[in-house]
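The structure appears right after this line, and notes come after that.
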Amino acid sequence: MSHTQEQRPDWRDLWASGDLGRFCFISLGIVLHASNETMIATIMPSMISDISGVELVGWSLSIYEIGSITAGAAAGRLVSYMALRTNMVAAALLYAAGAALCASAPDMHWFLAGRLLEGFGGGALVSLSYVSIERLFPRLIWPQLFAIISVVWGVSAFGGPLVGALFAETASWRWAFGAFAIAGAGMALVSLGVLRGPQATQRKASPEGVPPFPWLPLLVMAAAIMAIALAGIRTDLASAVILLAVGAVGLAAFFLLDARKPRSRLFPTRPLDMRTQVGNGIVMMAALSAGTITFSIYGPLILTSLHGISILTTGYIIAAESIAWSVMSILVAKAQPQHERAIILAGALMIFGGMAGFVFAVPSGSIPLILACAVLQGGGFGIAWPFVTRLIVSSAREEERTVTSSAVPTMQRIGYATGAALAGIVANAAGFSEGLSGETAASVAQWLFLAFLPFGVLGSVAALRLMNGERKRTTME
């Protein structure tokens, strides 16, 4: 059957076959990761009053990201050494141990150690969710499952702060992490019964034997992410720029080292080469992730300081972006394959339109215009992400599809981390290094969103190349 004749199954068919129910369990790893990641903002005040350590607050998110990106990169390769189910159980237990350590931490240093373990477990769970799609489900239903991921991620990220606030107000911040520890241990236990069959219980064999584990590339990546994370929390402009440059060089070194070991590589061949479909998809994903993180980080602060808009209102705007992402993912999930690349391009252009709109909307303080840009940006991600993810994985070499599936969320996280660090540098250069005031907020609002438009251009060009690549392939056929 050709790709133009291929039909998408109905959602009820997916449920009747058991595929949808099984994947809903697998996506619990995304719930644990995303909600825990965003919960930290609302429990921080009560946590600091209990164990102190306010000078280390910036590390609570950064160290979690270091762990999640590093473990996410390794997850696709680990299935060469252990079965998918074994990896899932180990990741869930590691996550649970980290959450338990956070819940019982006597001081901030122990708390950060727990956050690092949580990051390792959570990052691995997310990547293993993508690996599970590639390993356990037919390619025909990948867009539906990637759409579910988008919905789960959006709802979890939105609900995380609410969960944290409820625990902090009604019980204790420690109980919030205790609940995640119980959930992680429960997921590990249930995985033993849910993940069955040879694809889940046997490691992915290679005719050349088990490859050596890529310790050196992984350590280089961890060091690079560490430098980027440090750049994002430094207030001194010069040192922040140097750290970001070191991080960029470290990432380049990682990709070079990874390419030298084909049998044990963590990323697909030529992952950033825009002459390939895999490269265009990954570049698009990383560029748009880096370019859109600015509003999430600095939007509420600028709108509150510059225009007096309430935190509640800015929260609703960010929630609207997540809701638009989730709703649009579901609406387009059953689109025909011949329309996928056009949808990807449309999504990229919507994202770029939202980014460009923020350049004018945030300085003006127009809530309807800001809301429209947020919905446009979120909706663009919603329609593009399921299909660009499927395209990246299906375009990879057969023997590299597992590491490619785990590389997708890893590159997204790298894009977010890099964008966040660069946003901090631009914001400090534009005025925040002099303190927070209406005047400095106005200066930052003027330059911050404008500085990130090149990422939107790059992402849109990559999406256009994906569409042109399909036209060339169709012509050759």
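Letters A, B, ... mark the chains of the structure tokens in the order given; residue numbers begin at 1 per chain; ligand numbers begin at 1, in order shown.
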Would you list the contacts of Met187 of chain A as a list in words, taking every protein, DNA or RNA residue within 8 Å and counting only C-alpha atoms, but skipping same-chain residues closer than 4 positions in sequence? Leu28, Val89, Ala92, Ala183 and Ser191 of chain A
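The neighbours of Leu376 of chain A here are the residues that come within 10 Å of it, using only C-alpha atoms and leaving out any residue fewer than 6 positions away in the same chain; they are Ala320, Glu321, Ala324, Trp325, Gly347, Leu349, Met350, Ile351, Phe352, Gly353, Gly354, Met355, Gly357, Ile370 and Gly382 of chain A.
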Give me a file of those residues, with C-alpha atoms, as an mmCIF file, in the first residue's frame.
```
data_model
loop_
_atom_site.group_PDB
_atom_site.id
_atom_site.type_symbol
_atom_site.label_atom_id
_atom_site.label_comp_id
_atom_site.auth_asym_id
_atom_site.auth_seq_id
_atom_site.Cartn_x
_atom_site.Cartn_y
_atom_site.Cartn_z
ATOM 1 C CA ALA A 320 -3.801 28.854 26.751
ATOM 2 C CA GLU A 321 -0.626 28.114 24.792
ATOM 3 C CA ALA A 324 -3.799 25.111 22.048
ATOM 4 C CA TRP A 325 -0.868 22.713 21.628
ATOM 5 C CA GLY A 347 2.888 24.680 11.964
ATOM 6 C CA LEU A 349 5.006 29.300 10.062
ATOM 7 C CA MET A 350 2.391 29.605 12.806
ATOM 8 C CA ILE A 351 5.125 29.343 15.437
ATOM 9 C CA PHE A 352 7.211 31.960 13.648
ATOM 10 C CA GLY A 353 4.121 34.178 13.378
ATOM 11 C CA GLY A 354 3.599 33.927 17.140
ATOM 12 C CA MET A 355 7.269 34.726 17.793
ATOM 13 C CA GLY A 357 3.860 38.891 17.096
ATOM 14 C CA ILE A 370 -0.480 38.526 23.473
ATOM 15 C CA GLY A 382 0.440 21.131 18.192
#
```
Can you write out as a tab-separated table which residues of segment 200-295 of chain A fall within 9 Å of segment 443-462 of chain A, alongside each residue's closest atom pair and its distance in Å to one decimal, counting only C-alpha atoms and ordering rows by chain and ascending residue number?
```
residue	atom	partner	partner_atom	distance
A:Met274	CA	A:Ala462	CA	7.1
A:Gly279	CA	A:Ala462	CA	8.6
A:Asn280	CA	A:Ala462	CA	4.9
A:Gly281	CA	A:Ala462	CA	6.8
A:Ile282	CA	A:Ala462	CA	8.8
A:Val283	CA	A:Ala462	CA	6.6
A:Met284	CA	A:Gly459	CA	4.1
A:Met285	CA	A:Gly459	CA	7.1
A:Ala286	CA	A:Gly459	CA	8.0
A:Ala287	CA	A:Phe455	CA	5.1
A:Leu288	CA	A:Gly459	CA	5.6
A:Ser289	CA	A:Phe455	CA	8.6
A:Ala290	CA	A:Phe455	CA	7.0
A:Gly291	CA	A:Phe455	CA	5.1
A:Thr292	CA	A:Phe452	CA	7.9
A:Thr294	CA	A:Phe449	CA	7.1
A:Phe295	CA	A:Phe449	CA	8.0
```
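Look at segment 233-248 of chain A: the protein and nucleic acid residues within 8 Å of it, using only C-alpha atoms and passing over chain neighbours fewer than 2 places away, are Gly58, Ala223, Ala224, Ile225, Met226, Ala227, Ile228, Ala229, Leu230, Ala231, Gly250, Leu251, Ala252, Thr418, Ala421, Leu422, Gly424, Ile425, Asn428, Ala429 and Ser433 of chain A.
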Please write the residues from the selection above to a file, keeping C-alpha atoms, as a PDB file, in the first residue's frame.
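Dumped to selection.pdb:
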```pdb
ATOM      1  CA  GLY A  58      18.676  28.451  40.406  1.00  0.00           C
ATOM      2  CA  ALA A 223      29.798  18.832  30.678  1.00  0.00           C
ATOM      3  CA  ALA A 224      28.442  20.882  27.775  1.00  0.00           C
ATOM      4  CA  ILE A 225      24.931  20.973  29.260  1.00  0.00           C
ATOM      5  CA  MET A 226      26.460  21.899  32.617  1.00  0.00           C
ATOM      6  CA  ALA A 227      28.209  24.900  31.020  1.00  0.00           C
ATOM      7  CA  ILE A 228      25.009  25.966  29.264  1.00  0.00           C
ATOM      8  CA  ALA A 229      23.023  25.657  32.490  1.00  0.00           C
ATOM      9  CA  LEU A 230      25.600  27.752  34.340  1.00  0.00           C
ATOM     10  CA  ALA A 231      25.397  30.393  31.615  1.00  0.00           C
ATOM     11  CA  GLY A 250      31.215  20.995  23.985  1.00  0.00           C
ATOM     12  CA  LEU A 251      28.071  20.014  22.063  1.00  0.00           C
ATOM     13  CA  ALA A 252      29.999  20.186  18.788  1.00  0.00           C
ATOM     14  CA  THR A 418      20.280  26.652  25.072  1.00  0.00           C
ATOM     15  CA  ALA A 421      20.698  30.440  28.636  1.00  0.00           C
ATOM     16  CA  LEU A 422      20.764  32.752  25.624  1.00  0.00           C
ATOM     17  CA  GLY A 424      19.273  35.182  30.161  1.00  0.00           C
ATOM     18  CA  ILE A 425      22.271  36.703  28.405  1.00  0.00           C
ATOM     19  CA  ASN A 428      20.842  40.950  31.212  1.00  0.00           C
ATOM     20  CA  ALA A 429      22.505  42.783  28.332  1.00  0.00           C
ATOM     21  CA  SER A 433      21.647  43.251  34.978  1.00  0.00           C
TER      22      SER A 433
END
```
Mind running segment 324-441 of chain A against segment 214-222 of chain A at 12 Å and telling me each contacting residue's nearest atom pair with the distance in Å (one decimal), counting only C-alpha atoms, chain and number ascending, as CSV?
```
residue,atom,partner,partner_atom,distance
A:Thr410,CA,A:Met221,CA,11.2
A:Met411,CA,A:Met221,CA,11.8
A:Ile414,CA,A:Met221,CA,10.2
```
Give me, as an mmCIF file with C-alpha atoms, in the first residue's frame, all polymer residues having an atom no more than 7 Å from Glu134 of chain A, counting only C-alpha atoms and skipping those fewer than 4 positions away in the same chain.
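around-v8.cif written:
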```cif
data_model
loop_
_atom_site.group_PDB
_atom_site.id
_atom_site.type_symbol
_atom_site.label_atom_id
_atom_site.label_comp_id
_atom_site.auth_asym_id
_atom_site.auth_seq_id
_atom_site.Cartn_x
_atom_site.Cartn_y
_atom_site.Cartn_z
ATOM 1 C CA TYR A 130 9.471 7.569 22.323
ATOM 2 C CA THR A 402 15.751 3.396 18.259
ATOM 3 C CA SER A 405 13.456 8.081 18.653
#
```
From the DSSP assignment of the backbone, select every residue of segment 156-282 of chain A that is helix (DSSP H, G or I), and format the answer as a tab-separated table (two decimals) with N, CA and C atoms, in the first residue's frame.
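File produced: result31.tsv:
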```
chain	number	residue	atom	x	y	z
A	156	SER	N	0.22	17.92	31.79
A	156	SER	CA	1.10	17.68	32.95
A	156	SER	C	1.90	18.93	33.32
A	157	ALA	N	2.44	19.60	32.30
A	157	ALA	CA	3.22	20.81	32.57
A	157	ALA	C	2.34	21.90	33.19
A	158	PHE	N	1.08	21.96	32.74
A	158	PHE	CA	0.15	22.95	33.30
A	158	PHE	C	-0.28	22.55	34.71
A	159	GLY	N	-0.46	21.25	34.94
A	159	GLY	CA	-0.95	20.81	36.23
A	159	GLY	C	0.11	20.73	37.31
A	160	GLY	N	1.40	20.68	36.91
A	160	GLY	CA	2.48	20.58	37.89
A	160	GLY	C	2.46	21.68	38.94
A	161	PRO	N	2.43	22.97	38.54
A	161	PRO	CA	2.37	24.03	39.55
A	161	PRO	C	1.15	23.94	40.45
A	162	LEU	N	0.02	23.50	39.89
A	162	LEU	CA	-1.19	23.35	40.70
A	162	LEU	C	-1.01	22.27	41.76
A	163	VAL	N	-0.42	21.14	41.36
A	163	VAL	CA	-0.16	20.06	42.31
A	163	VAL	C	0.76	20.55	43.43
A	164	GLY	N	1.83	21.25	43.04
A	164	GLY	CA	2.75	21.77	44.04
A	164	GLY	C	2.08	22.72	45.01
A	165	ALA	N	1.24	23.61	44.47
A	165	ALA	CA	0.55	24.58	45.33
A	165	ALA	C	-0.40	23.89	46.30
A	166	LEU	N	-1.11	22.87	45.83
A	166	LEU	CA	-2.05	22.16	46.69
A	166	LEU	C	-1.33	21.47	47.85
A	167	PHE	N	-0.22	20.80	47.54
A	167	PHE	CA	0.53	20.14	48.61
A	167	PHE	C	1.12	21.15	49.58
A	168	ALA	N	1.67	22.25	49.03
A	168	ALA	CA	2.30	23.25	49.88
A	168	ALA	C	1.29	23.90	50.82
A	169	GLU	N	0.04	24.08	50.34
A	169	GLU	CA	-0.97	24.77	51.15
A	169	GLU	C	-1.67	23.83	52.13
A	170	THR	N	-1.90	22.58	51.71
A	170	THR	CA	-2.71	21.68	52.54
A	170	THR	C	-1.91	20.70	53.37
A	173	TRP	N	5.43	20.53	51.36
A	173	TRP	CA	6.11	20.36	50.10
A	173	TRP	C	6.76	18.98	50.02
A	174	ARG	N	7.12	18.43	51.17
A	174	ARG	CA	7.75	17.11	51.19
A	174	ARG	C	6.78	16.03	50.69
A	175	TRP	N	5.50	16.19	51.02
A	175	TRP	CA	4.52	15.21	50.57
A	175	TRP	C	4.36	15.23	49.05
A	176	ALA	N	4.63	16.37	48.43
A	176	ALA	CA	4.55	16.44	46.97
A	176	ALA	C	5.58	15.49	46.35
A	177	PHE	N	6.80	15.56	46.84
A	177	PHE	CA	7.84	14.64	46.32
A	177	PHE	C	7.58	13.21	46.78
A	178	GLY	N	7.01	13.05	47.96
A	178	GLY	CA	6.66	11.72	48.41
A	178	GLY	C	5.64	11.07	47.48
A	179	ALA	N	4.68	11.84	47.01
A	179	ALA	CA	3.68	11.30	46.08
A	179	ALA	C	4.33	10.88	44.77
A	180	PHE	N	5.28	11.67	44.28
A	180	PHE	CA	5.97	11.30	43.05
A	180	PHE	C	6.84	10.06	43.25
A	181	ALA	N	7.42	9.92	44.45
A	181	ALA	CA	8.21	8.72	44.73
A	181	ALA	C	7.32	7.47	44.68
A	182	ILE	N	6.13	7.56	45.27
A	182	ILE	CA	5.20	6.42	45.24
A	182	ILE	C	4.77	6.12	43.81
A	183	ALA	N	4.49	7.18	43.04
A	183	ALA	CA	4.06	6.99	41.65
A	183	ALA	C	5.16	6.34	40.81
A	184	GLY	N	6.41	6.76	41.02
A	184	GLY	CA	7.52	6.17	40.29
A	184	GLY	C	7.70	4.69	40.62
A	185	ALA	N	7.62	4.36	41.90
A	185	ALA	CA	7.75	2.96	42.30
A	185	ALA	C	6.59	2.14	41.76
A	186	GLY	N	5.39	2.72	41.76
A	186	GLY	CA	4.24	2.02	41.21
A	186	GLY	C	4.37	1.77	39.72
A	187	MET	N	4.91	2.75	38.99
A	187	MET	CA	5.11	2.56	37.56
A	187	MET	C	6.10	1.43	37.30
A	188	ALA	N	7.16	1.37	38.09
A	188	ALA	CA	8.15	0.30	37.93
A	188	ALA	C	7.50	-1.06	38.13
A	189	LEU	N	6.64	-1.17	39.15
A	189	LEU	CA	5.99	-2.44	39.44
A	189	LEU	C	5.01	-2.85	38.34
A	190	VAL	N	4.19	-1.90	37.90
A	190	VAL	CA	3.17	-2.22	36.89
A	190	VAL	C	3.81	-2.50	35.54
A	191	SER	N	4.98	-1.90	35.26
A	191	SER	CA	5.67	-2.15	33.99
A	191	SER	C	5.94	-3.63	33.76
A	192	LEU	N	6.18	-4.36	34.85
A	192	LEU	CA	6.49	-5.79	34.74
A	192	LEU	C	5.32	-6.56	34.14
A	193	GLY	N	4.09	-6.07	34.39
A	193	GLY	CA	2.93	-6.76	33.85
A	193	GLY	C	2.44	-6.21	32.52
A	194	VAL	N	2.61	-4.90	32.31
A	194	VAL	CA	2.08	-4.26	31.11
A	194	VAL	C	3.00	-4.46	29.90
A	198	PRO	N	8.29	-10.04	23.06
A	198	PRO	CA	9.74	-10.02	22.82
A	198	PRO	C	10.31	-8.62	22.59
A	199	GLN	N	9.53	-7.73	21.98
A	199	GLN	CA	10.05	-6.39	21.73
A	199	GLN	C	10.29	-5.62	23.03
A	200	ALA	N	9.56	-5.98	24.08
A	200	ALA	CA	9.71	-5.29	25.37
A	200	ALA	C	10.62	-6.04	26.34
A	201	THR	N	10.71	-7.35	26.20
A	201	THR	CA	11.42	-8.15	27.20
A	201	THR	C	12.78	-8.67	26.74
A	215	TRP	N	30.81	6.05	26.86
A	215	TRP	CA	31.01	6.85	28.06
A	215	TRP	C	31.57	8.23	27.76
A	216	LEU	N	32.59	8.31	26.90
A	216	LEU	CA	33.25	9.60	26.66
A	216	LEU	C	32.31	10.61	26.00
A	217	PRO	N	31.60	10.27	24.91
A	217	PRO	CA	30.66	11.24	24.35
A	217	PRO	C	29.60	11.68	25.35
A	218	LEU	N	29.14	10.74	26.18
A	218	LEU	CA	28.10	11.08	27.15
A	218	LEU	C	28.63	12.05	28.21
A	219	LEU	N	29.86	11.84	28.65
A	219	LEU	CA	30.46	12.75	29.63
A	219	LEU	C	30.68	14.13	29.03
A	220	VAL	N	31.10	14.17	27.77
A	220	VAL	CA	31.28	15.46	27.09
A	220	VAL	C	29.95	16.19	26.97
A	221	MET	N	28.88	15.46	26.63
A	221	MET	CA	27.56	16.10	26.56
A	221	MET	C	27.14	16.64	27.92
A	222	ALA	N	27.33	15.86	28.98
A	222	ALA	CA	26.95	16.31	30.32
A	222	ALA	C	27.71	17.58	30.70
A	223	ALA	N	29.01	17.64	30.38
A	223	ALA	CA	29.80	18.83	30.68
A	223	ALA	C	29.31	20.03	29.88
A	224	ALA	N	28.94	19.80	28.62
A	224	ALA	CA	28.44	20.88	27.77
A	224	ALA	C	27.12	21.42	28.31
A	225	ILE	N	26.21	20.54	28.70
A	225	ILE	CA	24.93	20.97	29.26
A	225	ILE	C	25.14	21.69	30.59
A	226	MET	N	26.12	21.23	31.36
A	226	MET	CA	26.46	21.90	32.62
A	226	MET	C	26.89	23.34	32.35
A	227	ALA	N	27.75	23.55	31.35
A	227	ALA	CA	28.21	24.90	31.02
A	227	ALA	C	27.05	25.77	30.56
A	228	ILE	N	26.16	25.20	29.74
A	228	ILE	CA	25.01	25.97	29.26
A	228	ILE	C	24.09	26.33	30.42
A	229	ALA	N	23.87	25.38	31.33
A	229	ALA	CA	23.02	25.66	32.49
A	229	ALA	C	23.63	26.75	33.37
A	230	LEU	N	24.93	26.70	33.57
A	230	LEU	CA	25.60	27.75	34.34
A	230	LEU	C	25.46	29.11	33.68
A	231	ALA	N	25.55	29.13	32.34
A	231	ALA	CA	25.40	30.39	31.61
A	231	ALA	C	24.02	30.99	31.86
A	232	GLY	N	23.01	30.14	31.99
A	232	GLY	CA	21.66	30.62	32.17
A	232	GLY	C	21.38	31.22	33.53
A	233	ILE	N	22.21	30.92	34.54
A	233	ILE	CA	21.95	31.45	35.89
A	233	ILE	C	23.01	32.45	36.33
A	237	LEU	N	27.60	39.23	32.64
A	237	LEU	CA	27.42	39.03	31.20
A	237	LEU	C	28.60	38.35	30.57
A	238	ALA	N	29.81	38.78	30.88
A	238	ALA	CA	30.99	38.22	30.24
A	238	ALA	C	31.15	36.73	30.54
A	239	SER	N	31.00	36.35	31.80
A	239	SER	CA	31.16	34.94	32.16
A	239	SER	C	30.03	34.10	31.57
A	240	ALA	N	28.83	34.67	31.47
A	240	ALA	CA	27.71	33.94	30.88
A	240	ALA	C	27.97	33.64	29.40
A	241	VAL	N	28.48	34.63	28.68
A	241	VAL	CA	28.79	34.44	27.26
A	241	VAL	C	29.87	33.39	27.09
A	242	ILE	N	30.89	33.44	27.93
A	242	ILE	CA	31.99	32.46	27.84
A	242	ILE	C	31.45	31.05	28.11
A	243	LEU	N	30.63	30.90	29.15
A	243	LEU	CA	30.07	29.58	29.47
A	243	LEU	C	29.18	29.05	28.35
A	244	LEU	N	28.39	29.93	27.75
A	244	LEU	CA	27.54	29.49	26.65
A	244	LEU	C	28.38	29.05	25.46
A	245	ALA	N	29.47	29.80	25.19
A	245	ALA	CA	30.37	29.41	24.10
A	245	ALA	C	31.04	28.07	24.39
A	246	VAL	N	31.45	27.87	25.65
A	246	VAL	CA	32.06	26.60	26.03
A	246	VAL	C	31.05	25.47	25.85
A	247	GLY	N	29.81	25.72	26.24
A	247	GLY	CA	28.77	24.71	26.06
A	247	GLY	C	28.53	24.37	24.60
A	248	ALA	N	28.52	25.39	23.74
A	248	ALA	CA	28.31	25.15	22.31
A	248	ALA	C	29.46	24.34	21.72
A	249	VAL	N	30.69	24.68	22.10
A	249	VAL	CA	31.85	23.91	21.64
A	249	VAL	C	31.78	22.48	22.16
A	250	GLY	N	31.35	22.33	23.41
A	250	GLY	CA	31.22	21.00	23.99
A	250	GLY	C	30.19	20.15	23.24
A	251	LEU	N	29.07	20.75	22.84
A	251	LEU	CA	28.07	20.01	22.06
A	251	LEU	C	28.62	19.61	20.70
A	252	ALA	N	29.37	20.52	20.07
A	252	ALA	CA	30.00	20.19	18.79
A	252	ALA	C	30.98	19.02	18.95
A	253	ALA	N	31.74	19.06	20.05
A	253	ALA	CA	32.68	17.96	20.31
A	253	ALA	C	31.94	16.65	20.54
A	254	PHE	N	30.79	16.73	21.24
A	254	PHE	CA	29.99	15.53	21.46
A	254	PHE	C	29.55	14.90	20.13
A	255	PHE	N	29.03	15.71	19.22
A	255	PHE	CA	28.55	15.17	17.95
A	255	PHE	C	29.71	14.58	17.14
A	256	LEU	N	30.89	15.18	17.22
A	256	LEU	CA	32.05	14.63	16.51
A	256	LEU	C	32.46	13.29	17.11
A	257	LEU	N	32.51	13.22	18.43
A	257	LEU	CA	32.87	11.96	19.10
A	257	LEU	C	31.81	10.88	18.84
A	258	ASP	N	30.56	11.29	18.86
A	258	ASP	CA	29.48	10.33	18.64
A	258	ASP	C	29.54	9.73	17.24
A	259	ALA	N	29.92	10.55	16.26
A	259	ALA	CA	29.99	10.08	14.87
A	259	ALA	C	31.14	9.10	14.65
A	262	PRO	N	30.15	4.43	15.18
A	262	PRO	CA	28.84	4.13	14.58
A	262	PRO	C	28.05	3.06	15.34
A	263	ARG	N	28.73	2.06	15.90
A	263	ARG	CA	28.02	0.96	16.55
A	263	ARG	C	27.42	1.36	17.90
A	264	SER	N	27.98	2.37	18.53
A	264	SER	CA	27.51	2.75	19.86
A	264	SER	C	27.02	4.19	19.91
A	277	GLN	N	16.59	14.42	5.50
A	277	GLN	CA	15.29	14.63	6.12
A	277	GLN	C	15.39	14.56	7.64
A	278	VAL	N	16.20	13.64	8.16
A	278	VAL	CA	16.40	13.56	9.60
A	278	VAL	C	17.01	14.86	10.12
A	279	GLY	N	18.03	15.36	9.43
A	279	GLY	CA	18.69	16.59	9.84
A	279	GLY	C	17.76	17.78	9.84
A	280	ASN	N	16.94	17.93	8.78
A	280	ASN	CA	16.00	19.04	8.72
A	280	ASN	C	14.98	18.96	9.84
A	281	GLY	N	14.49	17.76	10.13
A	281	GLY	CA	13.52	17.61	11.20
A	281	GLY	C	14.10	17.96	12.56
A	282	ILE	N	15.32	17.49	12.83
A	282	ILE	CA	15.94	17.76	14.13
A	282	ILE	C	16.30	19.24	14.26
```
Find the distance between atom CA of Asp107 of chain A and atom CA of Asp50 of chain A and write it in Å to one decimal. 8.6 Å
Near-Ser326 of chain A list (12 Å; only C-alpha atoms; drop same-chain fewer than 4 positions) as a ChimeraX atom specification: /A:146-158,319-322,330-333,375,377-386
With N, CA and C atoms retained, could you export that selection as a short mmCIF file (atom, residue, chain, number, x, y, z; two decimals), in the first residue's frame?
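Saved result, result-v1.cif, follows:
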```
data_model
loop_
_atom_site.label_atom_id
_atom_site.label_comp_id
_atom_site.auth_asym_id
_atom_site.auth_seq_id
_atom_site.Cartn_x
_atom_site.Cartn_y
_atom_site.Cartn_z
N PHE A 146 2.07 10.17 19.02
CA PHE A 146 2.81 11.41 19.27
C PHE A 146 1.86 12.54 19.65
N ALA A 147 0.64 12.52 19.10
CA ALA A 147 -0.35 13.51 19.50
C ALA A 147 -0.73 13.34 20.96
N ILE A 148 -0.87 12.07 21.40
CA ILE A 148 -1.17 11.81 22.81
C ILE A 148 -0.05 12.35 23.69
N ILE A 149 1.20 12.15 23.25
CA ILE A 149 2.33 12.68 24.01
C ILE A 149 2.20 14.19 24.19
N SER A 150 1.83 14.89 23.10
CA SER A 150 1.68 16.34 23.17
C SER A 150 0.61 16.74 24.18
N VAL A 151 -0.50 16.01 24.16
CA VAL A 151 -1.58 16.32 25.10
C VAL A 151 -1.13 16.04 26.54
N VAL A 152 -0.52 14.88 26.74
CA VAL A 152 -0.07 14.50 28.08
C VAL A 152 0.95 15.50 28.61
N TRP A 153 1.88 15.89 27.74
CA TRP A 153 2.92 16.84 28.17
C TRP A 153 2.30 18.18 28.54
N GLY A 154 1.39 18.69 27.69
CA GLY A 154 0.78 19.98 27.96
C GLY A 154 -0.03 19.99 29.24
N VAL A 155 -0.85 18.98 29.44
CA VAL A 155 -1.67 18.91 30.64
C VAL A 155 -0.80 18.75 31.89
N SER A 156 0.22 17.92 31.79
CA SER A 156 1.10 17.68 32.95
C SER A 156 1.90 18.93 33.32
N ALA A 157 2.44 19.60 32.30
CA ALA A 157 3.22 20.81 32.57
C ALA A 157 2.34 21.90 33.19
N PHE A 158 1.08 21.96 32.74
CA PHE A 158 0.15 22.95 33.30
C PHE A 158 -0.28 22.55 34.71
N ALA A 319 -1.15 29.02 30.01
CA ALA A 319 -2.01 27.84 29.97
C ALA A 319 -2.71 27.73 28.62
N ALA A 320 -3.13 28.86 28.05
CA ALA A 320 -3.80 28.85 26.75
C ALA A 320 -2.88 28.32 25.66
N GLU A 321 -1.58 28.64 25.76
CA GLU A 321 -0.63 28.11 24.79
C GLU A 321 -0.54 26.59 24.90
N SER A 322 -0.49 26.06 26.12
CA SER A 322 -0.44 24.62 26.31
C SER A 322 -1.72 23.95 25.83
N ILE A 330 -4.55 16.77 18.71
CA ILE A 330 -5.62 15.78 18.54
C ILE A 330 -6.37 16.03 17.24
N LEU A 331 -6.63 17.29 16.91
CA LEU A 331 -7.45 17.61 15.73
C LEU A 331 -6.79 17.15 14.43
N VAL A 332 -5.46 17.20 14.36
CA VAL A 332 -4.79 16.86 13.09
C VAL A 332 -4.20 15.46 13.09
N ALA A 333 -4.36 14.73 14.18
CA ALA A 333 -3.65 13.45 14.31
C ALA A 333 -4.01 12.46 13.22
N VAL A 375 -1.56 31.52 21.53
CA VAL A 375 -2.38 30.46 20.94
C VAL A 375 -1.83 30.06 19.57
N GLN A 377 1.29 30.28 18.56
CA GLN A 377 2.53 29.56 18.79
C GLN A 377 2.26 28.14 19.29
N GLY A 378 1.39 28.02 20.28
CA GLY A 378 1.06 26.70 20.81
C GLY A 378 0.36 25.82 19.78
N GLY A 379 -0.56 26.41 19.01
CA GLY A 379 -1.25 25.65 17.97
C GLY A 379 -0.30 25.18 16.89
N GLY A 380 0.70 26.00 16.56
CA GLY A 380 1.69 25.59 15.57
C GLY A 380 2.48 24.38 16.02
N PHE A 381 2.90 24.40 17.28
CA PHE A 381 3.58 23.22 17.83
C PHE A 381 2.65 22.01 17.79
N GLY A 382 1.38 22.24 18.12
CA GLY A 382 0.44 21.13 18.19
C GLY A 382 0.24 20.42 16.87
N ILE A 383 0.17 21.16 15.77
CA ILE A 383 -0.07 20.50 14.49
C ILE A 383 1.21 19.96 13.87
N ALA A 384 2.35 20.55 14.19
CA ALA A 384 3.59 20.13 13.54
C ALA A 384 4.29 18.99 14.27
N TRP A 385 4.26 19.00 15.60
CA TRP A 385 5.12 18.09 16.37
C TRP A 385 4.84 16.60 16.14
N PRO A 386 3.57 16.15 16.14
CA PRO A 386 3.38 14.71 15.91
C PRO A 386 3.94 14.23 14.59
#
```
Residue contacts of Glu439 of chain A (12 Å, only C-alpha atoms) excluding same-chain residues fewer than 4 positions away, as a list in words: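 My reading of the contact set: Ile302, Ser305, Leu306, His307, Pro363, Ala430, Gly431, Phe432, Glu434, Gly435, Ser443, Val444, Ala445 and Gln446 of chain A.
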